[in-house]
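Asks: The following file, final_20.cif, comprises mmCIF, C-alpha atoms:
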data_input
#
loop_
_atom_site.label_atom_id
_atom_site.label_comp_id
_atom_site.auth_asym_id
_atom_site.auth_seq_id
_atom_site.Cartn_x
_atom_site.Cartn_y
_atom_site.Cartn_z
CA MET N 8 -9.08 4.55 -1.05
CA ARG N 9 -7.21 7.83 -1.33
CA PHE N 10 -8.54 10.64 -3.47
CA GLY N 11 -7.50 10.24 -7.11
CA GLU N 12 -6.14 6.71 -6.92
CA ASN N 13 -8.75 5.53 -9.42
CA PHE N 14 -7.56 7.92 -12.08
CA LEU N 15 -4.18 9.46 -11.31
CA THR N 16 -0.71 7.97 -11.48
CA TYR N 17 0.54 10.38 -8.83
CA PRO N 18 -2.43 11.47 -6.68
CA ASP N 19 -0.12 13.34 -4.32
CA LEU N 20 0.91 15.64 -7.16
CA PHE N 21 -2.61 16.92 -7.72
CA PRO N 22 -2.32 20.65 -8.57
CA ALA N 23 -2.46 22.83 -5.49
CA ARG N 24 -3.50 25.93 -7.38
CA PRO N 25 -5.01 26.87 -10.75
CA SER N 26 -1.89 27.26 -12.88
CA GLY N 27 -0.09 25.50 -15.70
CA GLU N 28 0.51 25.56 -19.44
CA PRO N 29 -2.61 26.35 -21.47
CA TRP N 30 -3.44 24.11 -24.42
CA GLY N 31 -3.82 27.18 -26.62
CA ASP N 32 -5.20 30.70 -26.73
CA GLU N 33 -8.75 29.92 -27.79
CA ARG N 34 -11.56 31.31 -25.68
CA LEU N 35 -15.14 30.12 -25.60
CA LEU N 36 -18.04 31.90 -23.96
CA ILE N 37 -21.04 29.67 -23.30
CA ARG N 38 -24.25 31.26 -22.11
CA PHE N 39 -27.26 29.54 -20.60
CA ALA N 40 -29.67 30.06 -17.72
CA GLY N 41 -28.71 33.73 -17.66
CA HIS N 42 -24.99 33.20 -17.04
CA VAL N 43 -21.82 33.21 -19.11
CA TYR N 44 -19.15 30.57 -18.59
CA ASP N 45 -15.77 31.71 -19.90
CA TRP N 46 -13.47 28.89 -21.01
CA THR N 47 -9.90 29.95 -21.76
CA GLY N 48 -6.66 28.18 -22.69
CA LEU N 49 -8.32 25.87 -25.21
CA SER N 50 -6.62 24.57 -28.32
CA ALA N 51 -8.31 25.22 -31.66
CA THR N 52 -9.32 21.54 -31.79
CA GLN N 53 -10.85 21.64 -28.30
CA ALA N 54 -12.66 24.92 -28.92
CA GLY N 55 -14.04 23.65 -32.24
CA ALA N 56 -15.40 20.47 -30.66
CA ALA N 57 -16.94 22.41 -27.78
CA ARG N 58 -18.55 24.89 -30.21
CA GLN N 59 -20.08 21.97 -32.07
CA ARG N 60 -21.32 20.39 -28.85
CA PHE N 61 -22.85 23.53 -27.32
CA GLY N 62 -23.98 25.09 -30.62
CA GLU N 63 -26.05 28.21 -30.32
CA LEU N 64 -25.21 28.57 -26.62
CA CYS N 65 -21.72 29.67 -27.69
CA LEU N 66 -21.46 33.42 -28.08
CA PRO N 67 -19.99 34.94 -31.24
CA PRO N 68 -16.37 36.10 -30.81
CA ASP N 69 -17.37 39.76 -31.09
CA GLU N 70 -19.81 39.50 -28.20
CA GLN N 71 -17.97 39.81 -24.89
CA PRO N 72 -20.39 40.12 -21.99
CA PRO N 73 -18.97 39.93 -18.47
CA ALA N 74 -18.31 36.34 -17.54
CA THR N 75 -19.95 34.79 -14.54
CA VAL N 76 -17.43 32.01 -14.05
CA GLU N 77 -13.98 31.61 -15.57
CA ILE N 78 -12.65 28.15 -16.37
CA GLN N 79 -9.02 27.73 -17.38
CA VAL N 80 -7.82 24.69 -19.33
CA PHE N 81 -4.27 23.41 -18.89
CA ARG N 82 -2.18 20.70 -20.51
CA ALA N 83 -1.35 17.54 -18.58
CA ALA N 84 0.89 14.63 -19.59
CA THR N 85 -0.66 11.35 -20.68
CA GLU N 86 1.39 9.49 -18.10
CA ASP N 87 -0.21 11.54 -15.31
CA PHE N 88 -3.33 9.42 -15.66
CA PHE N 89 -4.06 5.86 -14.70
CA ASP N 90 -6.47 4.01 -17.03
CA GLY N 91 -6.75 0.69 -15.23
CA GLY N 92 -7.84 -0.92 -18.51
CA ARG N 93 -10.76 1.47 -18.98
CA ILE N 94 -11.34 3.23 -22.26
CA TRP N 95 -13.70 5.73 -20.65
CA SER N 96 -15.42 6.42 -17.34
CA PHE N 97 -18.12 8.82 -16.32
CA GLU N 98 -17.35 8.42 -12.63
CA CYS N 99 -15.02 10.76 -10.79
CA ASP N 100 -13.38 11.18 -7.38
CA LEU N 101 -14.12 14.27 -5.33
CA ASP N 102 -12.15 15.81 -2.50
CA TYR N 103 -13.10 18.81 -0.43
CA THR N 104 -11.57 21.64 1.55
CA PRO N 105 -13.41 24.69 2.86
CA ASP N 106 -12.29 26.79 -0.12
CA ALA N 107 -11.82 24.29 -2.93
CA LEU N 108 -13.16 21.20 -4.61
CA SER N 109 -10.80 18.78 -6.34
CA ILE N 110 -12.00 16.37 -9.00
CA ALA N 111 -10.12 13.48 -10.55
CA GLY N 112 -11.65 11.69 -13.52
CA PHE N 113 -10.80 9.85 -16.68
CA HIS N 114 -7.84 11.75 -18.16
CA PHE N 115 -8.52 14.91 -16.23
CA MET N 116 -7.97 16.75 -12.97
CA GLY N 117 -10.10 19.70 -12.01
CA ARG N 118 -10.28 22.28 -9.26
CA LEU N 119 -12.93 24.72 -8.20
CA ASP N 120 -11.54 27.50 -6.03
CA TRP N 121 -13.48 30.17 -4.21
CA THR N 122 -11.28 33.24 -4.59
CA PRO N 123 -13.88 34.41 -3.33
CA GLY N 124 -15.64 34.11 -6.69
CA LEU N 125 -15.78 30.71 -8.32
CA LEU N 126 -12.77 29.88 -10.50
CA GLY N 127 -12.45 26.60 -12.39
CA ALA N 128 -9.28 24.92 -13.62
CA LEU N 129 -9.09 21.79 -15.74
CA TRP N 130 -5.94 19.80 -16.51
CA THR N 131 -6.23 17.17 -19.23
CA SER N 132 -4.10 15.12 -21.57
CA GLU N 133 -6.88 15.04 -24.17
CA ASP N 134 -7.03 17.35 -27.16
CA GLU N 135 -9.27 15.76 -29.82
CA ARG N 136 -11.18 13.70 -27.25
CA LEU N 137 -11.77 16.45 -24.67
CA VAL N 138 -15.40 16.80 -25.71
CA SER N 139 -16.14 13.38 -27.18
CA HIS N 140 -14.97 11.66 -23.99
CA SER N 141 -17.18 13.98 -21.91
CA ILE N 142 -14.25 15.43 -19.98
CA PHE N 143 -15.37 18.94 -20.83
CA GLU N 144 -18.96 18.20 -19.85
CA ASN N 145 -18.13 16.25 -16.69
CA PHE N 146 -16.20 19.16 -15.31
CA PHE N 147 -18.70 21.69 -16.60
CA ARG N 148 -21.48 19.95 -14.66
CA ALA N 149 -19.53 20.35 -11.42
CA VAL N 150 -18.91 24.03 -12.15
CA VAL N 151 -22.58 24.66 -12.86
CA ALA N 152 -23.66 22.69 -9.78
CA TYR N 153 -21.59 24.89 -7.48
CA HIS N 154 -22.35 28.09 -9.29
CA LEU N 155 -26.06 27.45 -9.02
CA PHE N 156 -25.69 26.37 -5.42
CA GLU N 157 -23.92 29.62 -4.53
CA GLN N 158 -26.94 31.50 -5.83
CA GLY N 159 -29.31 29.57 -3.60
CA GLY N 160 -30.40 27.16 -6.30
CA VAL N 161 -29.96 23.46 -6.86
CA LEU N 162 -28.73 21.35 -9.74
CA LEU N 163 -31.01 18.36 -9.61
CA HIS N 164 -30.45 14.96 -11.18
CA SER N 165 -33.89 14.94 -12.74
CA ALA N 166 -36.14 15.08 -15.77
CA ALA N 167 -38.07 18.29 -16.36
CA VAL N 168 -41.19 18.44 -18.52
CA VAL N 169 -43.23 21.48 -19.51
CA ASN N 170 -47.00 21.18 -19.37
CA GLY N 171 -49.31 24.14 -19.83
CA GLY N 172 -46.49 26.62 -19.28
CA ASP N 173 -45.45 25.07 -15.97
CA ALA N 174 -42.62 22.64 -15.31
CA TYR N 175 -42.85 19.33 -13.53
CA VAL N 176 -39.60 17.91 -12.25
CA PHE N 177 -39.19 14.15 -11.84
CA PHE N 178 -36.27 12.98 -9.79
CA GLY N 179 -34.74 9.83 -8.44
CA PRO N 180 -31.56 7.80 -8.66
CA SER N 181 -30.38 6.17 -11.86
CA GLY N 182 -32.97 3.65 -13.00
CA ALA N 183 -35.88 5.44 -11.33
CA GLY N 184 -37.40 6.26 -14.73
CA LYS N 185 -36.30 9.78 -15.64
CA SER N 186 -35.55 8.92 -19.26
CA THR N 187 -38.67 6.74 -19.53
CA ILE N 188 -40.96 9.46 -18.24
CA SER N 189 -39.25 11.93 -20.60
CA HIS N 190 -39.98 9.68 -23.58
CA LEU N 191 -43.59 9.16 -22.46
CA SER N 192 -44.11 12.88 -21.94
CA PHE N 193 -42.49 13.80 -25.24
CA ALA N 194 -44.67 11.27 -27.05
CA ALA N 195 -47.71 12.85 -25.40
CA GLY N 196 -46.73 16.22 -26.84
CA HIS N 197 -44.96 17.82 -23.89
CA ALA N 198 -41.62 19.57 -24.15
CA VAL N 199 -38.73 18.04 -22.24
CA LEU N 200 -36.09 20.39 -20.86
CA SER N 201 -33.64 17.64 -19.90
CA ASP N 202 -33.92 14.05 -18.76
CA ASP N 203 -30.77 14.28 -16.67
CA MET N 204 -29.87 17.63 -15.08
CA ASN N 205 -32.03 20.66 -14.41
CA ALA N 206 -31.47 23.93 -12.61
CA LEU N 207 -33.92 24.91 -9.88
CA ARG N 208 -33.68 28.53 -8.90
CA LEU N 209 -35.51 29.91 -5.89
CA GLY N 210 -36.90 33.41 -6.13
CA PRO N 211 -39.40 35.60 -4.32
CA ALA N 212 -42.20 34.55 -6.65
CA GLY N 213 -41.52 30.83 -6.47
CA VAL N 214 -39.15 28.38 -8.06
CA LEU N 215 -38.03 28.43 -11.68
CA VAL N 216 -36.77 25.46 -13.64
CA GLU N 217 -34.13 26.34 -16.22
CA LYS N 218 -32.98 24.26 -19.12
CA LEU N 219 -29.35 23.20 -19.04
CA PRO N 220 -27.33 21.70 -21.90
CA PHE N 221 -26.83 18.43 -20.02
CA ALA N 222 -28.96 15.51 -21.14
CA GLY N 223 -29.02 11.77 -20.56
CA ASP N 224 -30.34 8.88 -22.64
CA PHE N 225 -33.15 11.04 -24.00
CA GLY N 226 -30.55 13.16 -25.69
CA ARG N 227 -31.34 16.55 -27.07
CA GLN N 228 -34.63 15.89 -28.80
CA SER N 229 -36.32 18.79 -27.09
CA LYS N 230 -35.20 21.64 -29.30
CA GLY N 231 -37.39 24.66 -28.78
CA ALA N 232 -38.01 24.00 -25.09
CA ALA N 233 -35.63 26.54 -23.64
CA GLY N 234 -35.79 29.18 -20.98
CA ALA N 235 -37.22 29.17 -17.48
CA TYR N 236 -40.56 27.80 -16.32
CA PRO N 237 -42.40 28.06 -13.01
CA LEU N 238 -42.06 24.81 -11.10
CA ARG N 239 -45.42 23.22 -10.37
CA ALA N 240 -44.37 20.03 -8.57
CA LEU N 241 -41.41 17.88 -7.67
CA CYS N 242 -42.02 14.16 -8.05
CA ARG N 243 -39.88 11.34 -6.68
CA LEU N 244 -40.27 8.59 -9.29
CA HIS N 245 -41.28 5.00 -8.71
CA LYS N 246 -42.23 2.47 -11.35
CA GLY N 247 -45.41 0.44 -10.89
CA PRO N 248 -48.38 -1.02 -12.73
CA ASN N 249 -50.80 1.75 -11.82
CA PRO N 250 -50.23 5.48 -11.49
CA ALA N 251 -50.42 6.91 -7.99
CA LEU N 252 -49.54 10.20 -6.39
CA GLU N 253 -48.69 10.53 -2.71
CA ALA N 254 -47.49 13.46 -0.66
CA LEU N 255 -43.96 13.10 0.67
CA ARG N 256 -43.47 14.32 4.22
CA PRO N 257 -41.00 17.21 4.47
CA ALA N 258 -38.12 15.23 5.97
CA ALA N 259 -38.49 12.42 3.45
CA ALA N 260 -38.67 15.00 0.66
CA VAL N 261 -35.45 16.71 1.74
CA ALA N 262 -33.72 13.35 2.09
CA ALA N 263 -34.82 12.25 -1.37
CA LEU N 264 -33.77 15.53 -2.96
CA LEU N 265 -30.40 15.45 -1.21
CA GLY N 266 -29.62 12.17 -2.90
CA CYS N 267 -30.23 13.81 -6.28
CA ALA N 268 -28.17 16.98 -5.78
CA PRO N 269 -24.87 15.90 -7.37
CA PHE N 270 -21.45 17.30 -6.48
CA VAL N 271 -22.70 19.37 -3.54
CA ASN N 272 -24.47 16.65 -1.57
CA HIS N 273 -21.30 14.92 -0.37
CA ASN N 274 -19.38 18.10 0.41
CA PRO N 275 -18.95 18.21 4.21
CA TYR N 276 -18.29 21.96 4.10
CA ARG N 277 -21.56 22.68 2.31
CA ARG N 278 -23.83 20.18 4.06
CA ASP N 279 -25.70 22.65 6.24
CA GLN N 280 -26.18 25.01 3.32
CA VAL N 281 -27.52 22.30 1.05
CA LEU N 282 -29.97 21.20 3.75
CA ASP N 283 -31.05 24.82 4.18
CA GLN N 284 -31.63 25.26 0.45
CA LEU N 285 -33.50 22.00 0.03
CA GLN N 286 -35.64 22.81 3.04
CA ALA N 287 -36.43 26.20 1.50
CA LEU N 288 -37.27 24.48 -1.77
CA THR N 289 -39.67 22.02 -0.15
CA ALA N 290 -41.35 24.87 1.74
CA LYS N 291 -42.24 26.47 -1.59
CA ILE N 292 -43.06 23.49 -3.79
CA PRO N 293 -45.07 20.33 -3.08
CA VAL N 294 -43.03 17.16 -3.25
CA ARG N 295 -44.82 13.99 -4.30
CA ALA N 296 -44.03 10.35 -4.75
CA LEU N 297 -45.24 9.48 -8.24
CA THR N 298 -45.73 5.88 -9.31
CA PHE N 299 -46.06 5.54 -13.05
CA ALA N 300 -46.47 2.79 -15.63
CA ARG N 301 -45.23 2.87 -19.23
CA ASP N 302 -48.09 5.06 -20.42
CA ASP N 303 -49.16 8.66 -19.99
CA ARG N 304 -51.94 8.14 -17.40
CA PHE N 305 -49.81 9.82 -14.77
CA TRP N 306 -50.38 13.17 -16.44
CA ALA N 307 -54.06 13.12 -15.52
CA LEU N 308 -53.06 12.58 -11.91
CA LEU N 309 -50.52 15.37 -11.97
CA ARG N 310 -52.92 17.83 -13.55
CA SER N 311 -55.63 17.07 -11.02
CA GLY N 312 -53.12 17.19 -8.19
CA GLU N 313 -55.08 14.51 -6.37
CA ILE N 314 -52.98 12.74 -3.81
CA GLU N 315 -53.78 9.50 -2.01
CA MET G 6 -24.87 -3.74 23.70
CA ILE G 7 -26.56 -0.68 25.14
CA GLU G 8 -26.32 -0.33 28.94
CA ALA G 9 -28.58 1.82 31.12
CA ASP G 10 -25.73 3.90 32.50
CA MET G 11 -24.22 4.58 29.10
CA VAL G 12 -24.08 8.09 27.66
CA LEU G 13 -24.57 8.23 23.92
CA GLN G 14 -23.84 11.04 21.53
CA ARG G 15 -24.40 11.76 17.87
CA CYS G 16 -21.40 10.74 15.74
CA ALA G 17 -19.21 13.65 14.70
CA ASP G 18 -19.58 12.96 10.98
CA THR G 19 -23.35 13.32 11.02
CA ARG G 20 -25.58 16.28 10.30
CA TYR G 21 -29.03 16.31 11.85
CA ARG G 22 -32.00 18.47 11.01
CA ASN G 23 -35.51 18.49 12.47
CA ILE G 24 -37.85 19.14 9.56
CA GLY G 25 -41.55 19.29 10.28
CA GLY G 26 -41.22 17.10 13.35
CA GLU G 27 -39.24 14.41 11.57
CA GLY G 28 -35.50 14.08 11.33
CA VAL G 29 -33.02 13.97 8.50
CA VAL G 30 -29.65 12.54 9.46
CA VAL G 31 -26.82 12.73 6.97
CA ARG G 32 -23.89 10.41 7.50
CA GLN G 33 -21.14 12.32 5.76
CA THR G 34 -18.51 9.60 5.59
CA ALA G 35 -20.86 7.01 4.18
CA GLY G 36 -22.85 9.48 2.10
CA GLU G 37 -26.08 8.09 3.53
CA VAL G 38 -29.26 9.88 4.50
CA LEU G 39 -31.69 8.55 7.10
CA VAL G 40 -35.16 9.81 7.91
CA LEU G 41 -36.25 9.55 11.55
CA ASN G 42 -39.84 9.58 12.76
CA GLU G 43 -41.13 11.68 15.64
CA ILE G 44 -39.84 9.23 18.25
CA GLY G 45 -36.42 9.14 16.63
CA VAL G 46 -36.29 12.92 16.66
CA ARG G 47 -37.19 12.98 20.36
CA VAL G 48 -34.50 10.40 21.15
CA LEU G 49 -31.82 12.38 19.31
CA ASP G 50 -32.95 15.62 20.94
CA LEU G 51 -32.70 14.03 24.40
CA LEU G 52 -29.27 12.61 23.61
CA GLU G 53 -28.06 16.13 22.77
CA THR G 54 -28.42 16.86 26.52
CA THR G 55 -25.81 14.14 27.27
CA MET G 56 -28.17 12.33 29.63
CA PRO G 57 -27.46 8.64 30.24
CA VAL G 58 -29.70 5.99 28.71
CA ASN G 59 -31.69 5.48 31.92
CA GLY G 60 -32.44 9.21 32.01
CA LEU G 61 -33.60 8.99 28.43
CA LEU G 62 -35.90 6.09 29.33
CA ASP G 63 -37.33 8.06 32.26
CA ALA G 64 -38.00 11.05 30.05
CA LEU G 65 -39.76 8.97 27.39
CA ASP G 66 -41.69 7.06 30.07
CA ALA G 67 -43.11 10.36 31.27
CA GLU G 68 -44.07 11.42 27.74
CA TYR G 69 -45.58 8.30 26.21
CA ALA G 70 -48.38 6.10 27.48
CA ILE G 71 -46.64 2.75 27.23
CA ASP G 72 -45.65 0.19 29.85
CA ARG G 73 -42.07 0.51 31.09
CA ALA G 74 -40.94 -2.96 30.00
CA THR G 75 -42.07 -2.46 26.42
CA LEU G 76 -40.58 1.03 26.36
CA GLU G 77 -37.20 -0.21 27.56
CA ARG G 78 -37.15 -3.11 25.10
CA ASP G 79 -38.13 -0.95 22.11
CA VAL G 80 -35.93 2.03 22.95
CA LEU G 81 -32.84 -0.05 23.69
CA ALA G 82 -33.32 -1.91 20.40
CA TYR G 83 -33.75 1.40 18.60
CA LEU G 84 -30.63 2.88 20.16
CA GLN G 85 -28.71 -0.21 19.09
CA GLU G 86 -30.00 0.29 15.53
CA LEU G 87 -28.79 3.89 15.59
CA VAL G 88 -25.38 2.76 16.86
CA ASP G 89 -25.18 0.09 14.15
CA ALA G 90 -26.18 2.68 11.53
CA GLY G 91 -23.36 4.98 12.64
CA VAL G 92 -25.68 7.73 13.83
CA ILE G 93 -24.80 7.61 17.54
CA GLU G 94 -21.95 6.20 19.58
CA PRO G 95 -21.08 5.74 23.26
CA VAL G 96 -19.22 8.61 24.86
CA ALA G 97 -15.74 7.46 25.84
CA ALA G 98 -15.44 7.08 29.60
#
Could you express the structure from this file as structure tokens?
Replies:
Amino acid sequence: MRFGENFLTYPDLFPARPSGEPWGDERLLIRFAGHVYDWTGLSATQAGAARQRFGELCLPPDEQPPATVEIQVFRAATEDFFDGGRIWSFECDLDYTPDALSIAGFHFMGRLDWTPGLLGALWTSEDERLVSHSIFENFFRAVVAYHLFEQGGVLLHSAAVVNGGDAYVFFGPSGAGKSTISHLSFAAGHAVLSDDMNALRLGPAGVLVEKLPFAGDFGRQSKGAAGAYPLRALCRLHKGPNPALEALRPAAAVAALLGCAPFVNHNPYRRDQVLDQLQALTAKIPVRALTFARDDRFWALLRSGEIE
Amino acid sequence: MIEADMVLQRCADTRYRNIGGEGVVVRQTAGEVLVLNEIGVRVLDLLETTMPVNGLLDALDAEYAIDRATLERDVLAYLQELVDAGVIEPVAA
């Protein structure tokens, strides 16, 4: 299937460059994990909904720090998009060139261009539903994934839990148990950064896990758990009757992590870089296979670090 | 069917990385990731030299203490698995 056919009426007319008619002149600066994302061209309705969604991460209008990444929002016609009977979809199509990423999704088209800095552009037919239909967030996730990747980090489809000042990151495909382990950990008194997407940033002293405003089924119950935490262990999740912890061999660890690095892991022009970064990550942090039941016994295993 | 005089090569849409003695093979088109053990890594490394299958068998025969018949049976079956998985393909004559 050609790129965009799932979502676009005219896939061949996908914008070739970041230009178009802005929805309005509203600007929104959103800061997290030490970076400022500068959204421009929003309508008042779109900006209001995004402010409500991202809350205290939105900077006051009088604060204008230098932006890390600029994202422009443009108007698109309703008839540009193909619904196929859907009322919403979280999926999206991706297409790659050496210098750009194209994204087609439900009622939106997006581009990331390296100019050489990262520049985002979003075309949508949605005003009131831009945020409620997750168009804003879907595109934002892709922007953050590439921005983090450019800095040597990784956006990981994972749950991150803070225990004793350190973070444990649990990863695996959908259904592996990220939301379940988040609930179990939260009930046991641990702070959950996110049960869906977390930023892993490699530095000279180790790896930091940073909270991102992207959550899954667990929602945003973890108010207060913000900031960056040293990563103690990466755990590939498995469900089972009894908790067990096994070391993952380096190649298996890289392969498992690659499957959980969204947006960048299928990009043929970034494949070597993503392998490099995941290999560097696994050289710094132990990667385990964690089997857990629906109770908090796994925490005793993790704290002891005993592997089978 | 793998023949002894065949030359095999890694498919162009794959990325291969030796990590700690094991291999990670990424099939870009399919979006799949395979992990190869030590033997798989050795096979892929030997194929990078464009030697024919019988040369590969000779090289492995010299490295591993296993009877030739078993080696040929297992390696040919493994090469066929790699072909079926889209990791390697015959070089066009």
Asks: Name the residues that the PyMOL selection byres ((chain G) within 7 of (chain N)) picks from the file above, as a PDB file with C-alpha atoms, in the coordinates of the input, using the file's chain letters and numbers.
Replies:
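Result written to expr-v5.pdb:
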ATOM      1  CA  ILE G  24     -37.850  19.140   9.560  1.00  0.00           C
ATOM      2  CA  GLY G  25     -41.550  19.290  10.280  1.00  0.00           C
ATOM      3  CA  GLU G  27     -39.240  14.410  11.570  1.00  0.00           C
ATOM      4  CA  GLY G  28     -35.500  14.080  11.330  1.00  0.00           C
ATOM      5  CA  VAL G  29     -33.020  13.970   8.500  1.00  0.00           C
ATOM      6  CA  GLN G  33     -21.140  12.320   5.760  1.00  0.00           C
ATOM      7  CA  GLY G  36     -22.850   9.480   2.100  1.00  0.00           C
ATOM      8  CA  VAL G  38     -29.260   9.880   4.500  1.00  0.00           C
ATOM      9  CA  VAL G  40     -35.160   9.810   7.910  1.00  0.00           C
TER      10      VAL G  40
END
Asks: Just the residues within 6 Å of segment 101-118 of chain N, please, counting all atoms listed in the file, with nothing from its chain fewer than 4 positions along; format it as a VMD selection string.
Replies: chain N and resid 11 14 88 96 127 to 131 276
Asks: If we count all atoms listed in the file and set the cut-off at 10 Å, which residues sit around Gly45 of chain G, ignoring sequence neighbours fewer than 3 positions away in its own chain? Please answer as a list of chain:residue names.
Replies: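 Contacts, with the query itself left out: G:Gly26, G:Glu27, G:Gly28, G:Val40, G:Leu41, G:Asn42, G:Val48, G:Leu49, G:Asp50, G:Leu51, G:Val80, G:Tyr83, G:Leu84, G:Leu87.
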Asks: One decimal, in Å: what's the spacing between atom CA of Asp87 of chain N and atom CA of Asp19 of chain N?
Replies: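 Answer for the atom CA of Asp87 of chain N to atom CA of Asp19 of chain N separation: 11.1 Å.
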Asks: So, with all atoms listed in the file as the atoms that count, which of G:Glu43, G:Glu53, G:Glu77, G:Glu68 lies closest to Ala9 of chain G?
Replies: G:Glu77
Asks: Closest to Leu61 of chain G among G:Glu94, G:Glu37, G:Glu8, G:Asp18, using only C-alpha atoms?
Replies: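 The shortest atom-to-atom distance to Leu61 of chain G comes from G:Glu8.
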Asks: Could you please determine the separation between atom CA of Gly48 of chain N and atom CA of Leu155 of chain N in Å, to one decimal place?
Replies: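 Going from atom CA of Gly48 of chain N over to atom CA of Leu155 of chain N, I get 23.7 Å.
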Asks: Tell me, in Å to one decimal, how far atom CA of Leu62 of chain G is from atom CA of Ala82 of chain G.
Replies: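 Spanning atom CA of Leu62 of chain G to atom CA of Ala82 of chain G is a straight-line distance of 12.3 Å.
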Asks: Residues within 12 Å of Ala212 of chain N, please, as a list in words. Count only C-alpha atoms; anything in the same chain fewer than 4 positions from it doesn't count.
Replies: Arg208, Tyr236, Pro237, Leu238, Lys291 and Ile292 of chain N
Asks: Given 3 Å of margin on each side, can you work out the centre and size in Å (one decimal) of an axis-aligned box holding every listed atom of segment 76-90 of chain G, as JSON?
Replies:
{"center_x": -32.9, "center_y": 0.4, "center_z": 19.5, "size_x": 21.4, "size_y": 13.0, "size_z": 22.0}
Asks: Written as a PyMOL selection string, which residues does the PyMOL selection byres ((chain G and resi 97) around 12) give for the file shown?
Replies: chain G and resi 11-14+94-96+98
Asks: Applied to the shown file, which residues does the PyMOL selection byres ((chain N and resi 174) around 12) return, written as a PyMOL selection string?
Replies: chain N and resi 165-173+175-177+192+197-201+205-207+214-218+232-242+292+309-310
Asks: Smallest atom-to-atom distance to Val88 of chain G: which of G:Arg32, G:Arg15, G:Ala64, G:Asp10, using all atoms listed in the file?
Replies: G:Arg15
Asks: List as a ChimeraX atom specification the protein and nucleic acid residues near Leu191 of chain N, meaning an atom at most 12 Å away when only C-alpha atoms are counted, but skip any in the same chain fewer than 2 places from it.
Replies: /N:166,168,184-189,193-199,202,225,299-306
Asks: Which residue gives the smallest distance to Arg20 of chain G among G:Val58, G:Ile44, G:Val92, G:Met6, with all atoms listed in the file counted?
Replies: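 Between G:Val58, G:Ile44, G:Val92, G:Met6, the residue approaching Arg20 of chain G most closely is G:Val92.
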Asks: Leaving out Ser139 of chain N and any residue of its chain fewer than 2 positions from it, which residues lie within 12 Å of it when counting all atoms listed in the file, given as a compact mmCIF listing (two decimals) with C-alpha atoms, keeping the file's coordinate frame?
Replies:
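Okay, selection-v9.txt is ready:
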# COMPACT_ATOMS: atom_id res chain seq x y z
CA THR N 52 -9.32 21.54 -31.79
CA GLN N 53 -10.85 21.64 -28.30
CA GLY N 55 -14.04 23.65 -32.24
CA ALA N 56 -15.40 20.47 -30.66
CA ALA N 57 -16.94 22.41 -27.78
CA GLN N 59 -20.08 21.97 -32.07
CA ARG N 60 -21.32 20.39 -28.85
CA TRP N 95 -13.70 5.73 -20.65
CA PHE N 97 -18.12 8.82 -16.32
CA GLU N 133 -6.88 15.04 -24.17
CA ASP N 134 -7.03 17.35 -27.16
CA GLU N 135 -9.27 15.76 -29.82
CA ARG N 136 -11.18 13.70 -27.25
CA LEU N 137 -11.77 16.45 -24.67
CA SER N 141 -17.18 13.98 -21.91
CA ILE N 142 -14.25 15.43 -19.98
CA PHE N 143 -15.37 18.94 -20.83
CA GLU N 144 -18.96 18.20 -19.85
CA ASN N 145 -18.13 16.25 -16.69
Asks: Which of these residues is nearest to Leu66 of chain N, using all atoms listed in the file: N:Leu308, N:Leu288, N:Leu35, N:Ala149?
Replies: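 Between N:Leu308, N:Leu288, N:Leu35, N:Ala149, the residue approaching Leu66 of chain N most closely is N:Leu35.
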Asks: Ranking N:Glu63, N:Asp120, N:Asp45, N:Asp32 by minimum distance to Pro220 of chain N and counting only C-alpha atoms, which one comes first?
Replies: N:Glu63
